[in-house]
Protein chains: 2
Amino acid sequence: MNFEIIDVDGLGRIGKFKVRNKIIQTPNLFPVVHPYNNVISTSELKEMGAKCIFTNAYILFQNKNKREEVLKKGIHDFLTFDGLIATDSGAFQQYMYDDGKIKISPEEIEEFQENINSDFPVILDVPVQLSDNYGMAKNKIQETIKRARENIKRRKKLDCCWFGPIHGGRYLDLLNKCAKEINNLEYGVHAIGGLVKAFLDYRFDLTIEILINVKQNVKPQKPIHMFGLGLPQFFSLAILCGCDLMDSAAYLLYARDGRYFDLSTGTKKLEEIEEFPCHCPVCINYTPKELKNLDKESRTKLLAKHNLYISFSELKRIRQAIKEGNLWELVETRIRNHPNLVKAYHVIKKYVSFFEKYEKSYKEHGRLFTSLDSFNRPLFYKYESRLKSKYRFPPNVKNLVVIPEIDIIGIKSPIYQECFDYINLLNNNLKEKIHVVFCSNYFGIIPLELIETFPLGQHERSETFFTCNEESPPFKNCKIFFEKCARLYEKCALLIPPEIRNQFNEIIPFPKTHIIHSLKQLINHYTTIKVKCVSKFDEILKFFNEV
Amino acid sequence: MNFEIIDVDGLGRIGKFKVRNKIIQTPNLFPVVHPYNNVISTSELKEMGAKCIFTNAYILFQNKNKREEVLKKGIHDFLTFDGLIATDSGAFQQYMYDDGKIKISPEEIEEFQENINSDFPVILDVPVQLSDNYGMAKNKIQETIKRARENIKRRKKLDCCWFGPIHGGRYLDLLNKCAKEINNLEYGVHAIGGLVKAFLDYRFDLTIEILINVKQNVKPQKPIHMFGLGLPQFFSLAILCGCDLMDSAAYLLYARDGRYFDLSTGTKKLEEIEEFPCHCPVCINYTPKELKNLDKESRTKLLAKHNLYISFSELKRIRQAIKEGNLWELVETRIRNHPNLVKAYHVIKKYVSFFEKYEKSYKEHGRLFTSLDSFNRPLFYKYESRLKSKYRFPPNVKNLVVIPEIDIIGIKSPIYQECFDYINLLNNNLKEKIHVVFCSNYFGIIPLELIETFPLGQHERSETFFTCNEESPPFKNCKIFFEKCARLYEKCALLIPPEIRNQFNEIIPFPKTHIIHSLKQLINHYTTIKVKCVSKFDEILKFFNEV
């Protein structure tokens with residue numbers, strides 16, 4: 001196997017994953033298919049864009065006739081699918097439906113997967129459940145690790161790509177231990193399991209926390225898979241946090257339940273839909289009424305196809321977003337689907353320094369900030385670190401002018417232009433003593449010298465209609481700047497005009513929620529500089545000239 | 001004509017609009033087609049779902065051959081389109097390309113539209129441009145109103161449905177005057193014009209302000225049309241604010257410019273796309289590479305078709321959202337497309353009492369709040385008004401217990417259950433004196449008696465990760481409650497436990513950003529009640545028993 005990373009954004013990445021001379025692009029989805037009773041045929045799946053599928057080796061193994069047939073034909077011929085095939089070991093069945101009847105040994109089921117020529121066999125792991133207590137969870141990961149070690153010794157086929165399951169659930173210490181152990185063994189894919197209950201309960205925050213922890217503990221050269229991740233509205237956030245592959249039967253399970261995927265408004269019940277808001281081949285050929293009137297089997301199949309089209313659409317959109325560097329923007333749109341997605345997005349804050357390591361310093365397109373949730377992005381943290389450790393202030397300055405950033409940003413803004421003209425009229429001696437900085441509702445203090453660097457000068461944002469708390473990036477960056485630079489200045493003038501000129505050359509009132517309004521208090525709290533709020537430029541010089 | 005309103009959400013509505021025995025559903029889009037040189041044929045448009053189209057009577061009128069042909073055949077046969085056809089009068093051409101050459105009179109062009117049997121003729125109005133000064137704008141609306149009056153006297157066909165254009169641009173007094181005048185005349189559709197430049201500049205806030213002003217001044221029994229509104233990511237917000245119909249060539253103009261519509265990530269350049277994130281008939285049959293290699297004409301046509309599919313998709317999604325009562329939720333997803341859409345959404349705040357009149361008191365589905373932007377919704381204002389004017393507090397209470405609302409809301413929450421058990425142990429005399437209220441990050445104070453009413457007990461929300469300012473609904477509602485009820489109580493206990501039990505029965509820390517943390521200060525500011533923050537229930541009784 002070979003996993004080549006082509007592009008990255010956040011912890012998300014586009015990869016070329018080559019196994020047995022077949023290549024899939026990542027991120028990608030393995031639709032789960034029943035080994036001999038699948039609703040959408042594998043040829044249809046292929047036509048719809050599936051390059052890889054997931055099936056269940058355990059179910060085949062249990063059925064004597066099918067077992068012999070698949071052993072003879074191999075799994076690809078058996079399923080008539082020439083793409084990549086992953087096979088589950090039955091561990092999921094054991095833990096979901098265990099009534100003591102499911103008897104299976106790792107030796108048998110793992111060897112069987114090799115014999116049927118699975119491209120991605122999975123060891124018989126022991127999934128930790130969210131309801132397990134610490135002791136149970138610990139025993140389970142120890143058993144999983146033990147089996148993972150034993151599997152390596154038993155392997156006969158070396159060209160297939162084994163999934164190494166990682167467990168631990170909400171016990172992050174166990175999870176991290178398991179991740180490290182599996183990471184040290186020869187597994188082609190790091191696969192996070194035991195999350196089905198969490199997905200069903202919309203506990204996206206927990207799954208994101210688990211994913212990021214695993215990501216921190218495994219080699220970046222191997223893809224990370226998440227078992228059971230199938231809700232397309234969650235794809236972008238999971239991929240942003242490092243997920244490369246996922247398998248799921250959600251498209252089908254939801255369809256059986258009469259549920260229709262929509263990426264903008266969430267999953268809907270077919271019975272409530274009067275018009276399909278989609279033009280996929282299913283939605284263009286059937287009205288909701290027609291679909292409702294079909295027999296259950298046909299209806300399920302068509303709904304499942306629509307759900308899968310939507311899932312593939314989202315994967316394509318995500319790969320495109322990674323290429324363009326717009327994955328954060330896409331995620332911030334998608335999380336509006338459900339409050340729990342927003343909650344999960346905020347988990348990132350705890351790990352922002354890890355994200356910052358992978359964040360590009362420059363992107364071709366300017367950034368868009370459409371809510372305060374954007375403060376979770378590592379680029380704010382990056383600017384904070386830059387201010388803290390790398391920023392060198394200009395020598396000999398004595399007087400600080402803070403001008404607010406509003407509407408047009410940077411040196412093209414009318415407010416800066418006026419400032420520039422004003423300062424230019426001064427003699428050189430006075431001019432050199434003045435330091436101009438911007439005050440931004442998103443980035444806090446931005447020294448003039450930095451205003452054109454990415455993304456300070458390359459973004460569009462909505463106003464902040466709500467006050468930020470003191471832990472938010474603009475406040476933190478203001479604090480950092482003044483803690484670091486206060487000793488330079490004797491005086492600081494904050495320009496707060498009653499009105500400003502906007503980009504359409506119209507006069508508008510100065511926004512009440514601009515962070516510059518709280519700056520005097522903050523500066524007085526951290527420094528002993530004399531601070532004055534002025535409404536016009538000519539007051540600035542008066543203030544600087546006062547003894 | 002007949003306009004029957006079937007369902008409403010916000011100021012958005014589903015209508016059945018019947019003109020000359022043809023019915024269209026509203027909201028709906030008239031794709032603009034060139035009268036004899038259109039890129040997508042009218043039969044293809046019909047197949048794609050277009051029920052109504054917009055073409056230009058002026059262009060036909062200028063061309064002698066075409067004029068004679070269309071006068072003979074009528075516009076429907078001429079265009080081979082049996083749906084509804086609106087015809088523009090040339091006013092747009094006059095104002096966009098006026099070099100003195102465009103000579104046309106209202107009498108001629110208006111009669112011509114009747115003679116070719118247009119379903120929706122438009123008078124020759126005089127569009128106000130955003131760059132016009134007040135005097136120019138005033139003259140223009142006076143001329144438009146004069147022409148609108150004269151048109152009525154001249155009309156010969158009485159079964160067609162005239163568009164009455166409304167102008168005024170950013171001069172809201174002129175706009176409102178024009179709206180009132182047109183509203184008093186016999187026009188079938190109120191049509192807002194002069195906004196093309198605003199759409200091109202993404203000035204969605206201005207167009208929303210104009211739309212809401214017009215909406216306040218015209219009869220609700222007539223549909224409102226917006227000329228030139230064609231960006232599908234703006235549809236939902238415009239419809240929420242009262243737009244029923246729109247016409248646009250955007251699908252085609254963007255396609256000519258090689259631009260591809262995507263509702264989640266905004267408009268993209270074809271050259272930057274590697275995979276189409278869509279399964280419409282265009283995207284399923286072509287790869288971006290194939291499309292790029294076609295000749296310009298074929299490429300434009302296919303892109304235009306995709307753009308139109310996306311536009312129709314969005315209209316269907318919006319109509320579905322109105323039926324389900326989820327239009328606010330859809331809008332709050334869609335505005336993440338661009339910061340200017342967020343800005344425009346906040347215009348609603350200024351008109352919230354107008355929106356409140358139309359807001360349903362009950363909806364079948366619970367609400368979803370995924371950001372503080374949800375505070376723009378009138379349901380928060382509705383609760384505020386209810387608290388202020390209708391809420392009757394219980395008699396004889398002396399002691400107030402405020403319990404925070406977190407995770408599970410309402411009486412099913414573990415924190416309330418504990419409170420209930422605790423109070424139940426008290427004797428009746430003590431019990432009667434205690435009033436329990438919830439403190440919610442979204443609704444402020446919710447008295448126990450109201451907790452099950454819609455939407456207080458029927459919503460899901462993300463935590464508020466940022467502090468709200470004092471003008472936000474929860475703060476305002478807390479103030480209102482205490483201003484009104486303070487005199488009832490002698491003591492108030494605020495329960496702020498260090499930890500809480502979440503819906504998954506796990507212990508988590510109490511959120512730092514909960515509004516209850518600021519409540520003591522607020523109560524002390526507005527009242528003279530004794531307030532105490534307690535971490536456990538048994539401290540409450542101790543506090544109430546203290547002299």
# chains A, B, ... in the order shown; residues from 1 in each chain; ligands from 1
$ select_by_dssp --residues "stretch 245-320 of chain A" --states "strand (DSSP E or B)" --output "short mmCIF file (atom, residue, chain, number, x, y, z; two decimals) with N, CA, C and O atoms, in the first residue's frame"
data_model
loop_
_atom_site.label_atom_id
_atom_site.label_comp_id
_atom_site.auth_asym_id
_atom_site.auth_seq_id
_atom_site.Cartn_x
_atom_site.Cartn_y
_atom_site.Cartn_z
N LEU A 245 -11.09 8.31 6.06
CA LEU A 245 -11.98 7.29 5.50
C LEU A 245 -13.11 7.02 6.47
O LEU A 245 -12.94 7.15 7.68
N MET A 246 -14.25 6.63 5.93
CA MET A 246 -15.36 6.23 6.79
C MET A 246 -16.18 5.17 6.07
O MET A 246 -16.18 5.11 4.84
N ASP A 247 -16.87 4.35 6.86
CA ASP A 247 -17.79 3.40 6.25
C ASP A 247 -19.10 3.58 6.95
O ASP A 247 -19.12 3.95 8.13
N SER A 248 -20.16 3.34 6.23
CA SER A 248 -21.43 3.48 6.90
C SER A 248 -22.56 2.87 6.11
O SER A 248 -22.58 2.88 4.88
N ARG A 259 -36.22 8.06 5.65
CA ARG A 259 -35.57 9.35 5.86
C ARG A 259 -34.69 9.74 4.68
O ARG A 259 -33.95 8.93 4.14
N TYR A 260 -34.77 11.03 4.37
CA TYR A 260 -34.20 11.61 3.15
C TYR A 260 -33.13 12.61 3.58
O TYR A 260 -33.38 13.47 4.43
N LYS A 268 -34.73 14.49 6.62
CA LYS A 268 -36.18 14.72 6.66
C LYS A 268 -36.93 13.40 6.50
O LYS A 268 -36.45 12.47 5.88
N LYS A 269 -38.16 13.39 7.01
CA LYS A 269 -39.02 12.23 6.78
C LYS A 269 -39.69 12.36 5.43
O LYS A 269 -40.27 13.41 5.11
#
$ closest_atom_pairs --of "chain A" --to "chain B" --cutoff "8 Å" --atoms "only C-alpha atoms" --output "CSV"
residue,atom,partner,partner_atom,distance
A:Ser264,CA,B:Thr333,CA,6.8
A:Thr265,CA,B:Leu330,CA,6.1
A:Glu272,CA,B:Glu324,CA,7.9
A:Ile273,CA,B:Gln320,CA,6.8
A:Glu274,CA,B:Gln320,CA,6.7
A:Glu275,CA,B:Lys316,CA,6.0
A:Phe276,CA,B:Lys316,CA,6.8
A:Pro277,CA,B:Ser313,CA,4.6
A:Cys278,CA,B:Ser313,CA,5.5
A:His279,CA,B:Cys280,CA,4.8
A:Cys280,CA,B:His279,CA,4.8
A:Pro281,CA,B:Cys280,CA,7.3
A:Tyr309,CA,B:His279,CA,7.0
A:Phe312,CA,B:Pro277,CA,7.9
A:Ser313,CA,B:Pro277,CA,4.6
A:Glu314,CA,B:Pro277,CA,6.5
A:Leu315,CA,B:Pro277,CA,7.8
A:Lys316,CA,B:Pro277,CA,5.1
A:Arg317,CA,B:Pro277,CA,4.8
A:Gln320,CA,B:Glu274,CA,6.7
A:Glu324,CA,B:Glu272,CA,7.9
A:Glu329,CA,B:Thr265,CA,7.7
A:Leu330,CA,B:Thr265,CA,6.1
A:Glu332,CA,B:Arg336,CA,7.2
A:Thr333,CA,B:Arg336,CA,5.2
A:Arg334,CA,B:Thr333,CA,7.4
A:Ile335,CA,B:Thr370,CA,7.9
A:Arg336,CA,B:Thr333,CA,5.2
A:Asn337,CA,B:Thr333,CA,7.0
A:His338,CA,B:Thr370,CA,6.6
A:Pro339,CA,B:Ser462,CA,4.3
A:Asn340,CA,B:Ser462,CA,6.3
A:Val342,CA,B:Ser462,CA,6.2
A:Lys343,CA,B:Ser462,CA,5.9
A:Leu368,CA,B:Pro339,CA,6.9
A:Phe369,CA,B:Pro339,CA,6.5
A:Thr370,CA,B:Pro339,CA,4.8
A:Ser371,CA,B:Arg336,CA,7.8
A:Leu372,CA,B:Phe466,CA,7.8
A:Glu460,CA,B:Pro339,CA,6.7
A:Arg461,CA,B:Pro339,CA,5.1
A:Ser462,CA,B:Pro339,CA,4.3
A:Glu463,CA,B:Lys343,CA,6.9
A:Phe466,CA,B:Cys468,CA,5.7
A:Thr467,CA,B:Asn469,CA,5.4
A:Cys468,CA,B:Phe466,CA,5.7
A:Asn469,CA,B:Thr467,CA,5.4
$ select_by_dssp --residues "stretch 296-545 of chain A" --states "alpha helix (DSSP H)" --output "PyMOL selection string"
chain A and resi 296-324+327-334+339-345+352-358+378-385+414-424+428-433+473-485+519-526+537-545
$ residues_around --residues "stretch 429-440 of chain B" --least-positions-apart "4" --cutoff "8 Å" --atoms "only C-alpha atoms" --output "list in words"
Pro394, Asn396, Val397, Lys398, Asn399, Leu400, Val401, Val402, Ile403, Pro404, Glu405, Ile406, Ile423, Asn424, Gly444, Ile445, Ile446, Pro447, Leu448, Ile451, Pro474, Ile515 and Ile516 of chain B
$ closest_residue --among "B:Asp9, B:Gly230, B:Val70, B:Gly366" --to "B:Leu308" --atoms "only C-alpha atoms"
B:Gly230
$ closest_residue --among "A:Val534, A:Ala238, A:Leu456, A:Val547" --to "A:Ala493" --atoms "only C-alpha atoms"
A:Val534
$ residues_around --residues "B:Ala250" --least-positions-apart "4" --cutoff "9 Å" --atoms "only C-alpha atoms" --output "PDB file with C-alpha atoms, in the first residue's frame"
ATOM      1  CA  PRO B  31     -35.753  32.946 -15.501  1.00  0.00           C
ATOM      2  CA  VAL B  32     -34.954  35.831 -17.849  1.00  0.00           C
ATOM      3  CA  GLY B 228     -32.993  41.125 -10.719  1.00  0.00           C
ATOM      4  CA  LEU B 229     -32.750  38.958  -7.619  1.00  0.00           C
ATOM      5  CA  GLY B 230     -30.937  35.915  -8.943  1.00  0.00           C
ATOM      6  CA  LEU B 231     -28.316  34.668  -6.469  1.00  0.00           C
ATOM      7  CA  TYR B 254     -22.696  33.951 -14.164  1.00  0.00           C
ATOM      8  CA  ALA B 255     -22.461  31.023 -16.591  1.00  0.00           C
ATOM      9  CA  ALA B 304     -26.491  28.002 -17.050  1.00  0.00           C
ATOM     10  CA  ASN B 307     -27.102  27.198 -12.166  1.00  0.00           C
TER      11      ASN B 307
END
$ residues_around --residues "B:Gln216" --least-positions-apart "6" --cutoff "12 Å" --atoms "only C-alpha atoms" --output "MDAnalysis selection string"
chainID B and resid 11 172 175:177 179:180 183 209:210 224 241:242 351 353:355 357:358
$ residues_around --residues "B:Ile411" --least-positions-apart "3" --cutoff "9 Å" --atoms "only C-alpha atoms" --output "ChimeraX atom specification"
/B:408,414-417,420,448,451-452,457
$ atom_distance --atom1 "atom CA of A:Asp538" --atom2 "atom CA of A:Cys419"
9.9 Å
$ decode --residues "stretch 430-441 of chain A" --atoms "all heavy atoms" --output "short mmCIF file (atom, residue, chain, number, x, y, z; two decimals), in the first residue's frame"
data_model
loop_
_atom_site.label_atom_id
_atom_site.label_comp_id
_atom_site.auth_asym_id
_atom_site.auth_seq_id
_atom_site.Cartn_x
_atom_site.Cartn_y
_atom_site.Cartn_z
N LEU A 430 8.42 64.59 14.39
CA LEU A 430 7.15 64.17 15.00
C LEU A 430 6.65 62.86 14.39
O LEU A 430 6.18 61.96 15.08
CB LEU A 430 6.09 65.25 14.78
CG LEU A 430 6.15 66.49 15.67
CD1 LEU A 430 5.13 67.52 15.21
CD2 LEU A 430 5.90 66.10 17.12
N LYS A 431 6.77 62.83 13.06
CA LYS A 431 6.28 61.66 12.32
C LYS A 431 6.89 60.36 12.84
O LYS A 431 6.21 59.37 13.05
CB LYS A 431 6.66 61.84 10.84
CG LYS A 431 5.60 61.40 9.87
CD LYS A 431 6.10 61.45 8.45
CE LYS A 431 6.11 62.85 7.88
NZ LYS A 431 6.53 62.89 6.45
N GLU A 432 8.20 60.37 13.02
CA GLU A 432 8.91 59.15 13.44
C GLU A 432 8.48 58.63 14.80
O GLU A 432 8.65 57.47 15.12
CB GLU A 432 10.42 59.42 13.49
CG GLU A 432 11.06 59.25 12.13
CD GLU A 432 12.49 59.76 12.13
OE1 GLU A 432 13.04 60.04 13.20
OE2 GLU A 432 13.05 59.89 11.02
N LYS A 433 7.97 59.55 15.61
CA LYS A 433 7.57 59.14 16.96
C LYS A 433 6.19 58.49 17.01
O LYS A 433 5.79 57.96 18.03
CB LYS A 433 7.59 60.35 17.89
CG LYS A 433 8.99 60.77 18.28
CD LYS A 433 8.94 61.83 19.35
CE LYS A 433 10.34 62.32 19.68
NZ LYS A 433 10.31 63.68 20.21
N ILE A 434 5.48 58.59 15.90
CA ILE A 434 4.11 58.07 15.91
C ILE A 434 4.05 56.65 15.36
O ILE A 434 4.61 56.35 14.31
CB ILE A 434 3.18 59.00 15.09
CG1 ILE A 434 3.03 60.34 15.83
CG2 ILE A 434 1.81 58.37 14.86
CD1 ILE A 434 2.17 61.35 15.12
N HIS A 435 3.38 55.80 16.09
CA HIS A 435 3.17 54.43 15.62
C HIS A 435 1.67 54.23 15.42
O HIS A 435 0.88 54.50 16.31
CB HIS A 435 3.71 53.42 16.64
CG HIS A 435 3.69 52.01 16.14
ND1 HIS A 435 3.61 50.91 16.97
CD2 HIS A 435 3.75 51.51 14.89
CE1 HIS A 435 3.63 49.80 16.26
NE2 HIS A 435 3.70 50.14 14.97
N VAL A 436 1.30 53.78 14.20
CA VAL A 436 -0.11 53.56 13.91
C VAL A 436 -0.42 52.07 13.96
O VAL A 436 0.29 51.26 13.39
CB VAL A 436 -0.48 54.12 12.52
CG1 VAL A 436 -1.94 53.82 12.18
CG2 VAL A 436 -0.22 55.62 12.46
N VAL A 437 -1.46 51.73 14.67
CA VAL A 437 -1.94 50.35 14.67
C VAL A 437 -3.45 50.35 14.41
O VAL A 437 -4.12 51.34 14.67
CB VAL A 437 -1.65 49.60 16.00
CG1 VAL A 437 -0.16 49.55 16.30
CG2 VAL A 437 -2.42 50.21 17.16
N PHE A 438 -3.93 49.23 13.86
CA PHE A 438 -5.37 49.08 13.65
C PHE A 438 -5.96 48.30 14.83
O PHE A 438 -5.26 47.50 15.46
CB PHE A 438 -5.64 48.29 12.37
CG PHE A 438 -5.28 49.05 11.12
CD1 PHE A 438 -3.99 49.01 10.60
CD2 PHE A 438 -6.24 49.80 10.45
CE1 PHE A 438 -3.67 49.69 9.44
CE2 PHE A 438 -5.92 50.49 9.29
CZ PHE A 438 -4.63 50.43 8.78
N CYS A 439 -7.22 48.52 15.07
CA CYS A 439 -7.92 47.73 16.07
C CYS A 439 -9.06 47.01 15.36
O CYS A 439 -9.97 47.63 14.82
CB CYS A 439 -8.44 48.63 17.17
SG CYS A 439 -9.34 47.73 18.43
N SER A 440 -8.97 45.67 15.33
CA SER A 440 -9.91 44.86 14.56
C SER A 440 -10.79 44.02 15.48
O SER A 440 -10.30 43.46 16.46
CB SER A 440 -9.11 43.94 13.63
OG SER A 440 -9.80 42.75 13.37
N ASN A 441 -12.06 43.96 15.16
CA ASN A 441 -12.99 43.13 15.94
C ASN A 441 -12.66 41.65 15.84
O ASN A 441 -13.17 40.85 16.61
CB ASN A 441 -14.42 43.33 15.43
CG ASN A 441 -15.11 44.48 16.13
OD1 ASN A 441 -14.60 44.99 17.13
ND2 ASN A 441 -16.25 44.88 15.62
#
